[in-house]
Amino acid sequence: MPAITLPDGSVRSFEGAVTGTMVAASIGPGLAKAALAMELDGKLVDLATEIRADARLRFVTRKDAEALELIRHDCAHVLAEAVQELFPGTQVTIGPPIENGFYYDFSRNEPFTPDDFAAIEAKMREIIARNAPFVRTEVAREDAIKLFTDKGERFKVELIRDLPASETISLYGQGDWVDLCRGPHMRGTGDVGTAFKLMKVAGAYWRGKSDNPVLSRIYGTAWRDQKELDAYLHMLEEAEKRDHRRIGREMHLFHQQEEATGSVFWHPKGWKLYRTVEDYMRRRLDDAGYVEVKTPQVLDRKLWEASGHWENYRKNMFMATVEDRDEAHKLLALKPMNCPCHVLVFNQGIRSYRELPLRMAEFGACHRYEPSGALHGIMRVRAFTQDDAHIFCEESQIADETVRFVALLSRVYRDLGFDSFQVKFSDRPEQRAGDDGIWDRAEGALQEACRIAGVAYELNPGEGAFYGPKLEFVLRDAIGRDWQCGTLQVDFVLPERLGAEYVAEDGTRKRPVMLHRAILGSFERFLGILIEQYAGRFPLWLAPVQVVVATIVDDAADYARQVAAQMQAAGIRVELDLRNEKINRKVVDHIEQRVPVLAVLGRREAEDGKVVLRRLPGREQENVSLAEAVAMLKREAVAPDLRP
């Protein structure tokens with residue numbers, strides 16, 4: 001006689017075993033219609049699952065977060081059935097839900113193309129309209145192998161053979177079509193709905209190994225309703241318009257090429273943007289009491305062994321072997337991060353507690369090996385610069401330094417156009433340095449610091465650095481995408497491993513705590529985010545070219561040079577456009593180049609000593625004196641930290 005406890009605390013008792021479907025019906029017809037699956041004692045399962053003992057139960061409806069994964073999982077099954085109906089002989093492999101959608105990998109002699117999508121989507125809608133129930137069956141391993149062998153599904157047979165002996169083999173049927181699956185699923189194919197779309201097709205190695213067959217992977221997206229689907233597709237359109245790689249080419253900011261895979265060639269305009277952000281960050285750090293250092297890029301393997309990076313980070317490090325008279329075949333590594341170098345700087349001389357906290361910053365050039373398939377414009381590269389810093393402090397100073405850091409980070413993000421952020425707390429990973437006692441202290445100290453700083457966070461289990469827990473600061477951009485940028489990490493391990501110490505107030509030697517912190521993260525990645533945030537139309541203080549002085553007639557050329565010279569003398573980044581082109585052509589060109597302000601000069605402006613200012617891409621114009629124009633633009637071009 002199971003007693004079912006519901007989320008509101010009420011309890012319902014039943015004479016014998018019941019299913020979720022029966023419990024929902026006993027509560028009311030509205031819930032019976034809305035329930036898609038259920039959480040049984042914390043585990044998501046089918047509504048058809050039998051409940052034989054007392055349990056806690058929560059129903060999942062379309063409005064719940066779990067519904068999206070269920071919809072996408074079921075949509076993958078519908079896709080696979082549709083493909084096999086339309087293209088007999090195609091073998092199915094695996095098809096999981098992923099962020100924003102799903103995919104399914106197929107084995108077929110002729111790869112799929114987007115031209116196939118219309119027919120497949122139509123068949124999927126037909127299958128959804130049938131509303132065939134999802135039926136779970138548990139079978140013996142040999143029976144499952146025979147079933148898929150008879151169907152010619154060799155990939156499914158391989159999956160079954162590789163499952164652990166203790167694994168329950170479950171199949172899900174939807175009408176006559178059957179797939180190997182752990183579940184759970186919704187009630188039937190009709191629950192998927194029609195808010196889905198096939199997006200792209202790509203090649204994929206079976207089980208991710210390059211010596212295995214190449215499969216044809218179809219990606220799709222699926223949502224609760226058409227409104228959500230339309231919003232997602234609109235976001236993708238906006239993201240394509242804002243793609244930093246395209247804008248970087250159009251604005252002549254940077255380029256990349258295979259001779260330096262994963263690195264960036266900054267052009268003059270792009271480097272001006274880079275330097276503007278770097279100069280701003282340097283001023284912010286100076287005001288916040290940081291000292292700046294510069295450390296080597298190539299260091300001996302011994303340092304990385306001592307720090308723990310060799311054991312925990314070796315696969316991401318670039319190596320260099322050198323031969324010299326003193327030490328043949330010496331193994332060196334390009335630094336993937338700056339932290340061990342900063343400890344070496346700290347270790348020079350005797351440190352006193354009076355020097356703490358010591359905030360040590362570096363715009364450090366780092367190199368990390370990223371697989372070529374993971375590289376993405378300047379967002380994911382192999383050579384990058386971090387706005388890195390390490391705060392050496394006493395344990396009692398962790399909370400105060402956290403408060404200071406969060407305030408600094410908040411100011412920087414606001415100045416750069418991001419008004420809010422989320423925080424994730426990442427605790428100890430499976431592979432880590434230091435014992436549990438050290439991790440208990442580090443996690444406890446960071447949690448207490450968050451409490452004092454008033455930082456609300458969500459837990460991100462197991463995602464800490466190998467040497468300590470961390471806070472991750474996540475920005476949301478103009479079109480709703482999230483970017484993890486800033487970080488604050490509490491480290492008791494590295495100072496111990498590298499022998500950092502200071503003389504405490506009582507004269508004893510103690511280990512400092514090391515706070516690893518970054519605000520932008522990688523300059524390259526953050527600049528990519530900024531390009532996409534503003535779609536290349538930067539506020540005046542950030543724009544690589546702030547003003548273009550353009551002539552209407554050749555007679556105004558000399559005056560244009562005077563105007564440009566005065567603006568340049570005032571610190572405004574200005575270019576001249578004296579081309580023999582119509583002004584409308586010039587306006588279009590500079591809108592495409594995303595120049596914020598166009599100063600238009602004709603014969604009358606030259607005679608009167610005036611300037612027509614046009615804020616691009618708008619049409620509004622203002623006619624002011626040259627002195628007014630220079631003063632106005634100079635004020636507007638001041639960086640936020642330098643404004644009165």
# chains A, B, ... in the order shown; residues from 1 in each chain; ligands from 1

$ select_by_dssp --residues "region 427-608 of chain A" --states "alpha helix (DSSP H)" --output "ChimeraX atom specification"
/A:436-453,493-497,523-534,557-569,583-592,603-608

$ write_last_selection --atoms "C-alpha atoms" --output "CSV table (one decimal), in the first residue's frame"
chain,number,residue,atom,x,y,z
A,436,ASP,CA,40.2,16.9,1.7
A,437,GLY,CA,41.1,19.0,4.7
A,438,ILE,CA,42.7,21.7,2.6
A,439,TRP,CA,39.7,21.6,0.2
A,440,ASP,CA,37.3,21.9,3.2
A,441,ARG,CA,39.1,25.0,4.3
A,442,ALA,CA,39.3,26.6,0.9
A,443,GLU,CA,35.6,25.9,0.0
A,444,GLY,CA,34.5,27.1,3.5
A,445,ALA,CA,36.6,30.3,3.2
A,446,LEU,CA,35.1,31.1,-0.3
A,447,GLN,CA,31.6,30.4,0.8
A,448,GLU,CA,32.0,32.7,3.8
A,449,ALA,CA,33.5,35.4,1.6
A,450,CYS,CA,30.5,35.2,-0.7
A,451,ARG,CA,28.2,35.6,2.3
A,452,ILE,CA,30.0,38.7,3.5
A,453,ALA,CA,30.2,40.1,0.0
A,493,VAL,CA,47.9,24.3,-2.6
A,494,LEU,CA,50.2,26.2,-4.9
A,495,PRO,CA,51.9,28.3,-2.2
A,496,GLU,CA,52.6,25.0,-0.3
A,497,ARG,CA,54.0,23.2,-3.4
A,523,PHE,CA,41.7,39.5,-24.0
A,524,GLU,CA,41.1,37.8,-27.3
A,525,ARG,CA,37.9,36.1,-26.2
A,526,PHE,CA,36.6,39.1,-24.4
A,527,LEU,CA,37.2,41.3,-27.4
A,528,GLY,CA,35.3,38.8,-29.5
A,529,ILE,CA,32.4,39.0,-27.0
A,530,LEU,CA,32.6,42.9,-27.1
A,531,ILE,CA,32.5,42.8,-31.0
A,532,GLU,CA,29.4,40.7,-30.9
A,533,GLN,CA,27.8,42.6,-28.0
A,534,TYR,CA,27.9,45.8,-29.9
A,557,ALA,CA,40.0,69.4,-48.6
A,558,ASP,CA,42.4,71.9,-46.9
A,559,TYR,CA,39.8,72.7,-44.3
A,560,ALA,CA,39.2,69.0,-43.7
A,561,ARG,CA,42.9,68.5,-43.0
A,562,GLN,CA,42.7,71.4,-40.4
A,563,VAL,CA,39.6,69.8,-38.8
A,564,ALA,CA,41.3,66.4,-38.6
A,565,ALA,CA,44.4,67.9,-37.1
A,566,GLN,CA,42.5,69.7,-34.4
A,567,MET,CA,40.5,66.6,-33.5
A,568,GLN,CA,43.7,64.5,-33.4
A,569,ALA,CA,45.4,67.0,-31.2
A,583,ILE,CA,28.8,62.0,-50.0
A,584,ASN,CA,26.0,59.4,-50.1
A,585,ARG,CA,28.6,56.8,-51.1
A,586,LYS,CA,30.9,57.9,-48.3
A,587,VAL,CA,28.1,57.6,-45.8
A,588,VAL,CA,27.2,54.1,-46.9
A,589,ASP,CA,30.9,53.0,-46.7
A,590,HIS,CA,31.4,54.4,-43.2
A,591,ILE,CA,28.2,52.9,-42.0
A,592,GLU,CA,29.5,49.5,-43.2
A,603,ARG,CA,32.3,74.7,-49.3
A,604,ARG,CA,30.0,76.5,-46.8
A,605,GLU,CA,31.4,74.7,-43.8
A,606,ALA,CA,34.9,75.6,-44.9
A,607,GLU,CA,33.9,79.3,-45.3
A,608,ASP,CA,32.1,79.5,-41.9

$ residues_around --residues "Lys33 (chain A)" --least-positions-apart "4" --cutoff "12 Å" --atoms "only C-alpha atoms" --output "list of chain:residue names"
A:Thr21, A:Met22, A:Ala24, A:Ala25, A:Ser26, A:Ile27, A:Gly28, A:Pro29, A:Ala37, A:Leu47, A:Phe59, A:Val60, A:Thr61, A:Arg62, A:Arg187, A:Asp191

$ write_last_selection --atoms "N, CA and C atoms" --output "mmCIF file, in the first residue's frame"
data_model
loop_
_atom_site.group_PDB
_atom_site.id
_atom_site.type_symbol
_atom_site.label_atom_id
_atom_site.label_comp_id
_atom_site.auth_asym_id
_atom_site.auth_seq_id
_atom_site.Cartn_x
_atom_site.Cartn_y
_atom_site.Cartn_z
ATOM 1 N N THR A 21 0.818 7.747 -14.125
ATOM 2 C CA THR A 21 -0.401 8.093 -14.851
ATOM 3 C C THR A 21 -1.612 7.977 -13.946
ATOM 4 N N MET A 22 -1.655 6.903 -13.144
ATOM 5 C CA MET A 22 -2.787 6.681 -12.240
ATOM 6 C C MET A 22 -2.811 7.721 -11.120
ATOM 7 N N ALA A 24 -1.581 10.795 -11.232
ATOM 8 C CA ALA A 24 -1.988 12.081 -11.815
ATOM 9 C C ALA A 24 -3.491 12.121 -12.031
ATOM 10 N N ALA A 25 -4.072 11.021 -12.504
ATOM 11 C CA ALA A 25 -5.514 10.972 -12.748
ATOM 12 C C ALA A 25 -6.288 11.091 -11.443
ATOM 13 N N SER A 26 -5.735 10.527 -10.360
ATOM 14 C CA SER A 26 -6.422 10.606 -9.066
ATOM 15 C C SER A 26 -6.434 12.024 -8.516
ATOM 16 N N ILE A 27 -5.486 12.835 -8.931
ATOM 17 C CA ILE A 27 -5.416 14.225 -8.466
ATOM 18 C C ILE A 27 -6.372 15.100 -9.250
ATOM 19 N N GLY A 28 -6.478 14.864 -10.564
ATOM 20 C CA GLY A 28 -7.407 15.663 -11.351
ATOM 21 C C GLY A 28 -7.153 15.534 -12.829
ATOM 22 N N PRO A 29 -8.164 15.768 -13.659
ATOM 23 C CA PRO A 29 -8.015 15.626 -15.113
ATOM 24 C C PRO A 29 -7.029 16.627 -15.715
ATOM 25 N N ALA A 37 6.059 13.420 -17.512
ATOM 26 C CA ALA A 37 6.938 12.444 -16.862
ATOM 27 C C ALA A 37 6.865 12.744 -15.369
ATOM 28 N N LEU A 47 6.069 8.159 -16.861
ATOM 29 C CA LEU A 47 4.816 8.097 -16.104
ATOM 30 C C LEU A 47 4.324 6.662 -15.932
ATOM 31 N N PHE A 59 5.443 15.722 -10.476
ATOM 32 C CA PHE A 59 5.132 15.595 -11.901
ATOM 33 C C PHE A 59 5.847 16.679 -12.703
ATOM 34 N N VAL A 60 6.262 16.305 -13.902
ATOM 35 C CA VAL A 60 6.911 17.233 -14.824
ATOM 36 C C VAL A 60 5.923 17.571 -15.924
ATOM 37 N N THR A 61 5.643 18.860 -16.061
ATOM 38 C CA THR A 61 4.752 19.327 -17.119
ATOM 39 C C THR A 61 5.557 20.148 -18.123
ATOM 40 N N ARG A 62 4.896 20.602 -19.149
ATOM 41 C CA ARG A 62 5.599 21.296 -20.230
ATOM 42 C C ARG A 62 6.274 22.588 -19.762
ATOM 43 N N ARG A 187 4.905 10.614 -22.773
ATOM 44 C CA ARG A 187 3.861 9.599 -22.945
ATOM 45 C C ARG A 187 3.827 9.031 -24.360
ATOM 46 N N ASP A 191 3.546 14.260 -27.717
ATOM 47 C CA ASP A 191 4.026 15.221 -26.717
ATOM 48 C C ASP A 191 5.209 16.046 -27.219
#

$ closest_residue --among "A:Pro133, A:Gly101, A:Pro429, A:Gly454" --to "Arg224 (chain A)" --atoms "only C-alpha atoms"
A:Gly101

$ atom_distance --atom1 "CA of Thr221 (chain A)" --atom2 "CA of Gly377 (chain A)"
23.8 Å

$ residues_around --residues "Lys156 (chain A)" --least-positions-apart "2" --cutoff "8 Å" --atoms "only C-alpha atoms" --output "PDB file with N, CA and C atoms, in the first residue's frame"
ATOM      1  N   VAL A  92      20.821   3.339 -37.566  1.00  0.00           N
ATOM      2  CA  VAL A  92      20.822   4.357 -36.518  1.00  0.00           C
ATOM      3  C   VAL A  92      21.918   4.023 -35.506  1.00  0.00           C
ATOM      4  N   THR A  93      22.441   5.051 -34.864  1.00  0.00           N
ATOM      5  CA  THR A  93      23.503   4.837 -33.873  1.00  0.00           C
ATOM      6  C   THR A  93      23.090   5.439 -32.526  1.00  0.00           C
ATOM      7  N   PHE A 148      18.581  -6.617 -32.899  1.00  0.00           N
ATOM      8  CA  PHE A 148      19.239  -5.621 -33.741  1.00  0.00           C
ATOM      9  C   PHE A 148      20.105  -6.261 -34.825  1.00  0.00           C
ATOM     10  N   GLU A 153      21.331  -3.742 -37.684  1.00  0.00           N
ATOM     11  CA  GLU A 153      21.821  -2.578 -36.936  1.00  0.00           C
ATOM     12  C   GLU A 153      23.105  -2.946 -36.181  1.00  0.00           C
ATOM     13  N   ARG A 154      24.238  -2.975 -36.891  1.00  0.00           N
ATOM     14  CA  ARG A 154      25.482  -3.433 -36.267  1.00  0.00           C
ATOM     15  C   ARG A 154      26.004  -2.458 -35.213  1.00  0.00           C
ATOM     16  N   GLU A 158      26.938  -3.359 -31.330  1.00  0.00           N
ATOM     17  CA  GLU A 158      28.207  -3.028 -30.678  1.00  0.00           C
ATOM     18  C   GLU A 158      27.978  -2.319 -29.353  1.00  0.00           C
ATOM     19  N   LEU A 159      27.031  -1.407 -29.324  1.00  0.00           N
ATOM     20  CA  LEU A 159      26.716  -0.702 -28.078  1.00  0.00           C
ATOM     21  C   LEU A 159      26.258  -1.669 -26.994  1.00  0.00           C
ATOM     22  N   ILE A 160      25.389  -2.593 -27.372  1.00  0.00           N
ATOM     23  CA  ILE A 160      24.865  -3.553 -26.387  1.00  0.00           C
ATOM     24  C   ILE A 160      25.984  -4.437 -25.854  1.00  0.00           C
ATOM     25  N   LEU A 180      17.148   1.231 -28.913  1.00  0.00           N
ATOM     26  CA  LEU A 180      17.839   0.964 -27.653  1.00  0.00           C
ATOM     27  C   LEU A 180      17.941   2.281 -26.891  1.00  0.00           C
TER      28      LEU A 180
END

$ closest_residue --among "A:Tyr219, A:His390, A:Tyr467, A:Met1" --to "Glu311 (chain A)" --atoms "only C-alpha atoms"
A:Tyr467

$ residues_around --residues "Val135 (chain A)" --least-positions-apart "6" --cutoff "9 Å" --atoms "only C-alpha atoms" --output "number ranges by chain"
A: 48, 171-175, 185, 187-188

$ residues_around --residues "Ile120 (chain A)" --least-positions-apart "3" --cutoff "7 Å" --atoms "only C-alpha atoms" --output "list in words"
Ala82, Val83, Asp116, Phe117, Lys123 and Met124 of chain A

$ write_last_selection --atoms "C-alpha atoms" --output "PDB file, in the first residue's frame"
ATOM      1  CA  ALA A  82      11.451   9.358 -39.939  1.00  0.00           C
ATOM      2  CA  VAL A  83      14.872   8.814 -41.531  1.00  0.00           C
ATOM      3  CA  ASP A 116      16.738  16.278 -47.357  1.00  0.00           C
ATOM      4  CA  PHE A 117      15.404  18.287 -44.416  1.00  0.00           C
ATOM      5  CA  LYS A 123       7.646  12.769 -42.008  1.00  0.00           C
ATOM      6  CA  MET A 124       8.452  13.779 -38.404  1.00  0.00           C
TER       7      MET A 124
END

$ residues_around --residues "Gly42 (chain A)" --least-positions-apart "3" --cutoff "12 Å" --atoms "only C-alpha atoms" --output "mmCIF file with C-alpha atoms, in the first residue's frame"
data_model
loop_
_atom_site.group_PDB
_atom_site.id
_atom_site.type_symbol
_atom_site.label_atom_id
_atom_site.label_comp_id
_atom_site.auth_asym_id
_atom_site.auth_seq_id
_atom_site.Cartn_x
_atom_site.Cartn_y
_atom_site.Cartn_z
ATOM 1 C CA PRO A 7 5.575 18.496 -3.383
ATOM 2 C CA MET A 38 7.671 12.349 -13.148
ATOM 3 C CA GLU A 39 10.488 12.744 -10.669
ATOM 4 C CA VAL A 45 11.264 8.419 -14.955
ATOM 5 C CA ALA A 55 7.887 7.489 -2.442
ATOM 6 C CA ARG A 56 8.161 11.214 -3.020
ATOM 7 C CA LEU A 57 6.777 12.228 -6.387
ATOM 8 C CA ARG A 58 6.782 15.379 -8.502
ATOM 9 C CA PHE A 59 5.132 15.595 -11.901
ATOM 10 C CA VAL A 60 6.911 17.233 -14.824
#

$ decode --residues "region 475-499 of chain A" --atoms "C-alpha atoms" --output "short mmCIF file (atom, residue, chain, number, x, y, z; two decimals), in the first residue's frame"
data_model
loop_
_atom_site.label_atom_id
_atom_site.label_comp_id
_atom_site.auth_asym_id
_atom_site.auth_seq_id
_atom_site.Cartn_x
_atom_site.Cartn_y
_atom_site.Cartn_z
CA LEU A 475 27.82 37.72 -18.44
CA ARG A 476 24.65 37.82 -20.55
CA ASP A 477 25.02 39.68 -23.84
CA ALA A 478 22.62 41.78 -25.89
CA ILE A 479 20.92 38.77 -27.48
CA GLY A 480 20.69 36.61 -24.37
CA ARG A 481 23.80 34.43 -24.65
CA ASP A 482 25.85 33.65 -21.55
CA TRP A 483 29.64 33.99 -21.39
CA GLN A 484 31.81 32.84 -18.49
CA CYS A 485 34.56 35.46 -18.19
CA GLY A 486 35.69 36.45 -14.71
CA THR A 487 36.89 34.07 -12.04
CA LEU A 488 38.08 34.10 -8.43
CA GLN A 489 39.83 31.00 -7.08
CA VAL A 490 41.01 30.24 -3.54
CA ASP A 491 44.26 28.29 -3.52
CA PHE A 492 45.96 26.78 -0.47
CA VAL A 493 47.86 24.25 -2.61
CA LEU A 494 50.24 26.17 -4.91
CA PRO A 495 51.89 28.28 -2.17
CA GLU A 496 52.64 25.03 -0.34
CA ARG A 497 54.00 23.24 -3.39
CA LEU A 498 56.25 26.14 -4.42
CA GLY A 499 57.37 27.09 -0.93
#
